[in-house]
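Notes for the one structure printed next.
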Amino acid sequence: TRAASTSSRGPSHFGGGRAAGYSSTVTVAKRVAPPVSPHHRGTRAASTSSRGPSLVVVGGGAAGYFSAVIAKAKAPSMDVLILESSPRTLGKVRISGGGRCNVTNVESDPVRLAGHYPAGHKELKGPFHRFNSMDMRDWLEGRGVELKVEPDGRVFPKSNSSETIINCLVSEADRVGVEVRTGCSVTSVAEGRGGGFHVTTAKEGDIESSHLLLATGSSRAGWGFAKDLGHTIVRPIPSLFTFKVPESGLRDLAGVSVQDTVCALRTARGKFEQRGPLLVTHWGVSGPAVLKLSAWAARELSESGYGATLLVDLCPGL
């Protein structure tokens, strides 16, 4: 058995706020002592100390990368390892914001910022008091990333390319000494017999660590890992989706967009309203106003079998 190697070289906001459901980013951290060094049956040589603490991060997305970088920066003696099941890390960062990566929002007040999240806004108030959107912007700009604020409050890199954010995260992880393994699928996690955690992978064997962070996003496997460790999982439901409007007569208008609309959704359990751009598609309607409606009414739509009445005001200013 060989020890996992790490280099000795000397929050999530990415993609914008997402509602609870398949599109949410789930990050669960749990800490157990005493520390145990990481080991695995992989192909890499040993170089980590057997006495220091270690952190295994499951998930190589924005949340996983950022958490790993911050942990390593704050505890340089800790061995930090990211395990990502796909061949490449940061895949969703690459396509977020239409490939431009909307890294955060201009709103920095913790209470107002949390209020934009349909689910979990109460739980987010505390974390946002410790690290909010302005902190995220400062962190990126302090590492050479130039940012811009668009009229709707979204913050993008001036380059209009998600690769700018990816390069920043990858470079920072390399600088502080975070190890990253791709194509490494985690099959199970459990609390170790002597404390810490036991992580089983499909190809690289078993890894022991003193700390474990789950940054598995919308992966069902990640929810299962959290449940195995004693966490309670709220039933996940779809969120941030477009509306299918059968026999609406809109098919001939597919591709037409209206920049300012008020969309009101009536379900069996209540009424929801959002203002913003709307896009007519060949199956119904989409656009920011519709996506926000689907997020705020996610649970009610699920409970009503996704049947509802949509009212659209195309001229709200009149």
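Here, A, B, ... name the chains of the structure tokens in the order displayed, residue numbers run from 1 inside each chain, and ligands are numbered from 1 in the same displayed order.
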
message = Excluding region 308-312 of chain A and its own-chain neighbours fewer than 4 positions away, which residues fall within 6 Å of it when counting only C-alpha atoms? Please give them as an NGL selection string.
response = :A and (262-267)

Export N, CA, C and O atoms of the chosen residues as an mmCIF file, in the first residue's frame?
```cif
data_model
loop_
_atom_site.group_PDB
_atom_site.id
_atom_site.type_symbol
_atom_site.label_atom_id
_atom_site.label_comp_id
_atom_site.auth_asym_id
_atom_site.auth_seq_id
_atom_site.Cartn_x
_atom_site.Cartn_y
_atom_site.Cartn_z
ATOM 1 N N VAL A 262 -43.619 40.075 -17.124
ATOM 2 C CA VAL A 262 -43.987 39.598 -15.793
ATOM 3 C C VAL A 262 -44.703 38.267 -15.986
ATOM 4 O O VAL A 262 -45.720 38.200 -16.676
ATOM 5 N N CYS A 263 -44.135 37.224 -15.404
ATOM 6 C CA CYS A 263 -44.701 35.878 -15.529
ATOM 7 C C CYS A 263 -45.267 35.446 -14.182
ATOM 8 O O CYS A 263 -44.559 35.461 -13.177
ATOM 9 N N ALA A 264 -46.530 35.082 -14.182
ATOM 10 C CA ALA A 264 -47.195 34.625 -12.964
ATOM 11 C C ALA A 264 -47.585 33.165 -13.133
ATOM 12 O O ALA A 264 -48.208 32.788 -14.127
ATOM 13 N N LEU A 265 -47.202 32.343 -12.168
ATOM 14 C CA LEU A 265 -47.485 30.912 -12.218
ATOM 15 C C LEU A 265 -48.464 30.552 -11.108
ATOM 16 O O LEU A 265 -48.225 30.842 -9.942
ATOM 17 N N ARG A 266 -49.560 29.930 -11.478
ATOM 18 C CA ARG A 266 -50.560 29.506 -10.503
ATOM 19 C C ARG A 266 -50.551 27.990 -10.402
ATOM 20 O O ARG A 266 -50.778 27.284 -11.384
ATOM 21 N N THR A 267 -50.255 27.491 -9.212
ATOM 22 C CA THR A 267 -50.300 26.055 -8.948
ATOM 23 C C THR A 267 -51.408 25.782 -7.947
ATOM 24 O O THR A 267 -52.032 26.708 -7.410
#
```

Region 83-99 of chain A surroundings by only C-alpha atoms, 8 Å radius, close-in-sequence under 2 positions cut, as number ranges by chain = A: 14-15, 56-62, 81, 101-102, 160-163, 165-166, 180-186

ask   = For Lys227 (chain A), which residue among A:Val256, A:Ala297, A:Ala173, A:Ala190 is the nearest when counting only C-alpha atoms?
value =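 The answer is A:Ala190, which sits nearest to Lys227 (chain A).
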
ask   = So which residues touch Thr261 (chain A) within 6 Å, counting only C-alpha atoms, skipping near sequence neighbours fewer than 3 positions away, as a ChimeraX atom specification?
value = /A:275-277,313-314

task = Report as a PyMOL selection string: the residues of region 86-177 of chain A with a DSSP assignment of strand (DSSP E or B), based on the backbone of this structure.
result = chain A and resi 104-105+147-149+154-157

request  = Do a neighbour search on Leu113 (chain A) at 9 Å with only C-alpha atoms, toss out local chain neighbours closer than 2 positions, and write the hits as a PyMOL selection string.
outcome  = chain A and resi 105+107-111+115-117+121+124-125+128+132-133

Write the selection just made, keeping C-alpha atoms, as a CSV table (one decimal), in the first residue's frame?
```csv
chain,number,residue,atom,x,y,z
A,105,ASN,CA,-23.6,38.5,-8.1
A,107,GLU,CA,-25.2,41.8,-4.2
A,108,SER,CA,-23.0,41.6,-1.1
A,109,ASP,CA,-25.4,42.1,1.8
A,110,PRO,CA,-25.6,38.7,3.5
A,111,VAL,CA,-29.3,38.8,4.2
A,115,GLY,CA,-32.8,35.9,0.0
A,116,HIS,CA,-32.1,35.1,-3.6
A,117,TYR,CA,-32.0,31.4,-2.8
A,121,HIS,CA,-31.7,30.9,2.5
A,124,LEU,CA,-26.9,30.5,4.1
A,125,LYS,CA,-27.1,33.7,6.2
A,128,PHE,CA,-22.6,34.7,3.8
A,132,ASN,CA,-20.0,36.8,0.6
A,133,SER,CA,-19.9,37.8,-3.1
```

For Glu208 (chain A), the nearest of the candidates A:Ala71, A:Asp79, A:Leu279, A:Ser286, counting only C-alpha atoms =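 For Glu208 (chain A), the nearest of the candidates is A:Asp79.
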
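Take CA of His282 (chain A) and CA of Ser239 (chain A): the distance between them is 20.4 Å.
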
Which residues come within 12 Å of Glu150 (chain A), counting only C-alpha atoms, excluding same-chain residues fewer than 2 positions away, as an mmCIF file with all heavy atoms, in the first residue's frame?
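Output file result-v2.cif follows:
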```cif
data_model
loop_
_atom_site.group_PDB
_atom_site.id
_atom_site.type_symbol
_atom_site.label_atom_id
_atom_site.label_comp_id
_atom_site.auth_asym_id
_atom_site.auth_seq_id
_atom_site.Cartn_x
_atom_site.Cartn_y
_atom_site.Cartn_z
ATOM 1 N N ASN A 102 -20.489 33.034 -15.010
ATOM 2 C CA ASN A 102 -20.939 34.077 -14.087
ATOM 3 C C ASN A 102 -20.524 33.661 -12.677
ATOM 4 O O ASN A 102 -21.140 32.827 -12.050
ATOM 5 C CB ASN A 102 -22.452 34.293 -14.191
ATOM 6 C CG ASN A 102 -23.240 33.003 -14.228
ATOM 7 O OD1 ASN A 102 -22.865 32.056 -14.908
ATOM 8 N ND2 ASN A 102 -24.352 32.970 -13.509
ATOM 9 N N VAL A 103 -19.442 34.259 -12.194
ATOM 10 C CA VAL A 103 -18.801 33.790 -10.966
ATOM 11 C C VAL A 103 -19.581 34.123 -9.703
ATOM 12 O O VAL A 103 -19.513 33.401 -8.708
ATOM 13 C CB VAL A 103 -17.365 34.330 -10.838
ATOM 14 C CG1 VAL A 103 -16.489 33.741 -11.918
ATOM 15 C CG2 VAL A 103 -17.333 35.855 -10.910
ATOM 16 N N THR A 104 -20.317 35.225 -9.699
ATOM 17 C CA THR A 104 -21.085 35.599 -8.516
ATOM 18 C C THR A 104 -22.041 36.718 -8.897
ATOM 19 O O THR A 104 -22.256 37.006 -10.073
ATOM 20 C CB THR A 104 -20.164 36.017 -7.348
ATOM 21 O OG1 THR A 104 -20.934 36.184 -6.162
ATOM 22 C CG2 THR A 104 -19.399 37.290 -7.662
ATOM 23 N N ASN A 105 -22.623 37.364 -7.879
ATOM 24 C CA ASN A 105 -23.561 38.452 -8.094
ATOM 25 C C ASN A 105 -23.059 39.692 -7.369
ATOM 26 O O ASN A 105 -22.328 39.594 -6.381
ATOM 27 C CB ASN A 105 -24.948 38.055 -7.562
ATOM 28 C CG ASN A 105 -26.041 38.998 -8.013
ATOM 29 O OD1 ASN A 105 -26.258 40.041 -7.398
ATOM 30 N ND2 ASN A 105 -26.723 38.645 -9.082
ATOM 31 N N VAL A 106 -23.463 40.862 -7.850
ATOM 32 C CA VAL A 106 -22.987 42.107 -7.254
ATOM 33 C C VAL A 106 -23.539 42.314 -5.851
ATOM 34 O O VAL A 106 -22.959 43.045 -5.045
ATOM 35 C CB VAL A 106 -23.351 43.310 -8.162
ATOM 36 C CG1 VAL A 106 -24.858 43.579 -8.119
ATOM 37 C CG2 VAL A 106 -22.561 44.552 -7.769
ATOM 38 N N LEU A 147 -12.649 41.484 -13.403
ATOM 39 C CA LEU A 147 -14.079 41.182 -13.412
ATOM 40 C C LEU A 147 -14.892 42.369 -13.915
ATOM 41 O O LEU A 147 -14.414 43.508 -13.901
ATOM 42 C CB LEU A 147 -14.544 40.804 -12.003
ATOM 43 C CG LEU A 147 -13.855 39.610 -11.349
ATOM 44 C CD1 LEU A 147 -14.280 39.482 -9.894
ATOM 45 C CD2 LEU A 147 -14.162 38.328 -12.116
ATOM 46 N N LYS A 148 -16.112 42.093 -14.345
ATOM 47 C CA LYS A 148 -17.035 43.144 -14.756
ATOM 48 C C LYS A 148 -18.427 42.801 -14.248
ATOM 49 O O LYS A 148 -18.773 41.637 -14.058
ATOM 50 C CB LYS A 148 -17.062 43.282 -16.280
ATOM 51 C CG LYS A 148 -17.587 42.044 -16.996
ATOM 52 C CD LYS A 148 -17.653 42.275 -18.500
ATOM 53 C CE LYS A 148 -18.207 41.038 -19.230
ATOM 54 N NZ LYS A 148 -18.341 41.276 -20.687
ATOM 55 N N ASP A 152 -27.700 43.289 -15.019
ATOM 56 C CA ASP A 152 -28.588 42.491 -14.157
ATOM 57 C C ASP A 152 -27.919 42.066 -12.860
ATOM 58 O O ASP A 152 -28.499 41.328 -12.067
ATOM 59 C CB ASP A 152 -29.099 41.264 -14.910
ATOM 60 C CG ASP A 152 -27.979 40.336 -15.357
ATOM 61 O OD1 ASP A 152 -26.799 40.636 -15.076
ATOM 62 O OD2 ASP A 152 -28.279 39.297 -15.971
ATOM 63 N N GLY A 153 -26.690 42.534 -12.622
ATOM 64 C CA GLY A 153 -26.009 42.247 -11.363
ATOM 65 C C GLY A 153 -25.069 41.067 -11.398
ATOM 66 O O GLY A 153 -24.336 40.815 -10.441
ATOM 67 N N ARG A 154 -25.060 40.309 -12.495
ATOM 68 C CA ARG A 154 -24.152 39.170 -12.576
ATOM 69 C C ARG A 154 -22.723 39.643 -12.810
ATOM 70 O O ARG A 154 -22.480 40.634 -13.497
ATOM 71 C CB ARG A 154 -24.582 38.223 -13.698
ATOM 72 C CG ARG A 154 -25.883 37.495 -13.436
ATOM 73 C CD ARG A 154 -26.226 36.556 -14.581
ATOM 74 N NE ARG A 154 -26.412 37.293 -15.828
ATOM 75 C CZ ARG A 154 -26.510 36.711 -17.023
ATOM 76 N NH1 ARG A 154 -26.424 35.392 -17.120
ATOM 77 N NH2 ARG A 154 -26.696 37.450 -18.105
ATOM 78 N N VAL A 155 -21.777 38.904 -12.227
ATOM 79 C CA VAL A 155 -20.361 39.247 -12.341
ATOM 80 C C VAL A 155 -19.656 38.212 -13.203
ATOM 81 O O VAL A 155 -19.756 37.001 -12.945
ATOM 82 C CB VAL A 155 -19.701 39.313 -10.950
ATOM 83 C CG1 VAL A 155 -18.215 39.645 -11.076
ATOM 84 C CG2 VAL A 155 -20.406 40.348 -10.075
ATOM 85 N N PHE A 156 -18.961 38.678 -14.239
ATOM 86 C CA PHE A 156 -18.239 37.813 -15.169
ATOM 87 C C PHE A 156 -16.772 38.238 -15.237
ATOM 88 O O PHE A 156 -16.435 39.385 -14.928
ATOM 89 C CB PHE A 156 -18.820 37.932 -16.586
ATOM 90 C CG PHE A 156 -20.178 37.335 -16.764
ATOM 91 C CD1 PHE A 156 -21.322 38.064 -16.477
ATOM 92 C CD2 PHE A 156 -20.324 36.039 -17.246
ATOM 93 C CE1 PHE A 156 -22.585 37.522 -16.657
ATOM 94 C CE2 PHE A 156 -21.578 35.480 -17.438
ATOM 95 C CZ PHE A 156 -22.703 36.217 -17.141
ATOM 96 N N PRO A 157 -15.899 37.345 -15.694
ATOM 97 C CA PRO A 157 -14.538 37.788 -16.003
ATOM 98 C C PRO A 157 -14.562 38.695 -17.225
ATOM 99 O O PRO A 157 -15.373 38.478 -18.138
ATOM 100 C CB PRO A 157 -13.792 36.477 -16.284
ATOM 101 C CG PRO A 157 -14.860 35.512 -16.704
ATOM 102 C CD PRO A 157 -16.075 35.899 -15.909
ATOM 103 N N LYS A 158 -13.720 39.705 -17.251
ATOM 104 C CA LYS A 158 -13.687 40.622 -18.389
ATOM 105 C C LYS A 158 -13.346 39.905 -19.693
ATOM 106 O O LYS A 158 -13.699 40.364 -20.778
ATOM 107 C CB LYS A 158 -12.682 41.750 -18.136
ATOM 108 C CG LYS A 158 -13.210 42.855 -17.240
ATOM 109 C CD LYS A 158 -12.252 44.027 -17.196
ATOM 110 C CE LYS A 158 -12.828 45.174 -16.369
ATOM 111 N NZ LYS A 158 -11.894 46.330 -16.303
ATOM 112 N N ASN A 160 -14.635 37.324 -20.725
ATOM 113 C CA ASN A 160 -15.822 36.613 -21.223
ATOM 114 C C ASN A 160 -15.531 35.143 -21.518
ATOM 115 O O ASN A 160 -16.149 34.527 -22.396
ATOM 116 C CB ASN A 160 -16.380 37.279 -22.488
ATOM 117 C CG ASN A 160 -17.221 38.494 -22.163
ATOM 118 O OD1 ASN A 160 -17.928 38.523 -21.154
ATOM 119 N ND2 ASN A 160 -17.128 39.515 -22.997
#
```

Within 8 Å of region 293-296 of chain A: each region 211-254 of chain A residue with its shortest pair, only C-alpha atoms, as a tab-separated table:
```
residue	atom	partner	partner_atom	distance
A:Ser239	CA	A:Ala295	CA	5.0
A:Leu240	CA	A:Ala295	CA	5.2
A:Phe241	CA	A:Ser294	CA	6.0
A:Thr242	CA	A:Ser294	CA	7.4
```

query = What separation in Å, quoted to one decimal, exists between CA of Asn167 (chain A) and CA of Tyr65 (chain A)?
reply =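 For CA of Asn167 (chain A) relative to CA of Tyr65 (chain A), the distance reads 11.6 Å.
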
Nearby residues (only C-alpha atoms) at most 12 Å from Gly144 (chain A), same-chain spacing under 2 positions excluded, as a CSV table (one decimal) with N, CA and C atoms, in the first residue's frame:
```csv
chain,number,residue,atom,x,y,z
A,137,ARG,N,-15.2,38.2,-5.1
A,137,ARG,CA,-14.6,39.1,-6.1
A,137,ARG,C,-13.2,39.5,-5.7
A,138,ASP,N,-13.0,39.8,-4.4
A,138,ASP,CA,-11.6,40.2,-3.9
A,138,ASP,C,-10.7,39.1,-4.1
A,139,TRP,N,-11.1,37.8,-3.8
A,139,TRP,CA,-10.2,36.7,-4.0
A,139,TRP,C,-9.7,36.5,-5.4
A,140,LEU,N,-10.7,36.6,-6.3
A,140,LEU,CA,-10.3,36.5,-7.7
A,140,LEU,C,-9.4,37.6,-8.2
A,141,GLU,N,-9.8,38.8,-7.9
A,141,GLU,CA,-9.1,40.0,-8.4
A,141,GLU,C,-7.7,40.0,-7.8
A,142,GLY,N,-7.5,39.5,-6.6
A,142,GLY,CA,-6.2,39.4,-5.9
A,142,GLY,C,-5.3,38.4,-6.6
A,146,GLU,N,-9.5,39.9,-13.8
A,146,GLU,CA,-10.3,41.1,-14.0
A,146,GLU,C,-11.8,40.8,-14.2
A,147,LEU,N,-12.6,41.5,-13.4
A,147,LEU,CA,-14.1,41.2,-13.4
A,147,LEU,C,-14.9,42.4,-13.9
A,157,PRO,N,-15.9,37.3,-15.7
A,157,PRO,CA,-14.5,37.8,-16.0
A,157,PRO,C,-14.6,38.7,-17.2
A,158,LYS,N,-13.7,39.7,-17.3
A,158,LYS,CA,-13.7,40.6,-18.4
A,158,LYS,C,-13.3,39.9,-19.7
A,159,SER,N,-12.7,38.8,-19.6
A,159,SER,CA,-12.3,38.0,-20.8
A,159,SER,C,-13.5,37.4,-21.4
A,164,THR,N,-10.7,31.6,-18.0
A,164,THR,CA,-10.0,32.5,-17.1
A,164,THR,C,-10.1,32.0,-15.6
A,165,ILE,N,-11.4,31.6,-15.3
A,165,ILE,CA,-11.6,31.2,-13.9
A,165,ILE,C,-11.0,29.8,-13.7
A,167,ASN,N,-8.4,28.5,-15.1
A,167,ASN,CA,-6.9,28.7,-15.0
A,167,ASN,C,-6.5,29.2,-13.7
A,168,CYS,N,-7.3,30.1,-13.1
A,168,CYS,CA,-7.1,30.7,-11.8
A,168,CYS,C,-7.1,29.6,-10.7
A,169,LEU,N,-8.2,28.8,-10.8
A,169,LEU,CA,-8.4,27.8,-9.7
A,169,LEU,C,-7.3,26.7,-9.9
A,171,SER,N,-4.3,27.0,-11.2
A,171,SER,CA,-3.0,27.6,-10.9
A,171,SER,C,-2.8,27.7,-9.4
A,172,GLU,N,-3.9,28.1,-8.7
A,172,GLU,CA,-3.8,28.3,-7.3
A,172,GLU,C,-3.7,27.0,-6.6
```

inquiry  = Can you tell me, as JSON, numbers by chain, which residues in region 221-291 of chain A count as helix (DSSP H, G or I) by DSSP?
reply    = {"A": [221, 222, 223, 224, 225, 226, 227, 228, 251, 252, 253, 288, 289, 290, 291]}

query = For Glu273 (chain A), which of A:Ala119, A:Ile70, A:Val258, A:Val290 is the closest residue, counting only C-alpha atoms?
reply = A:Val290
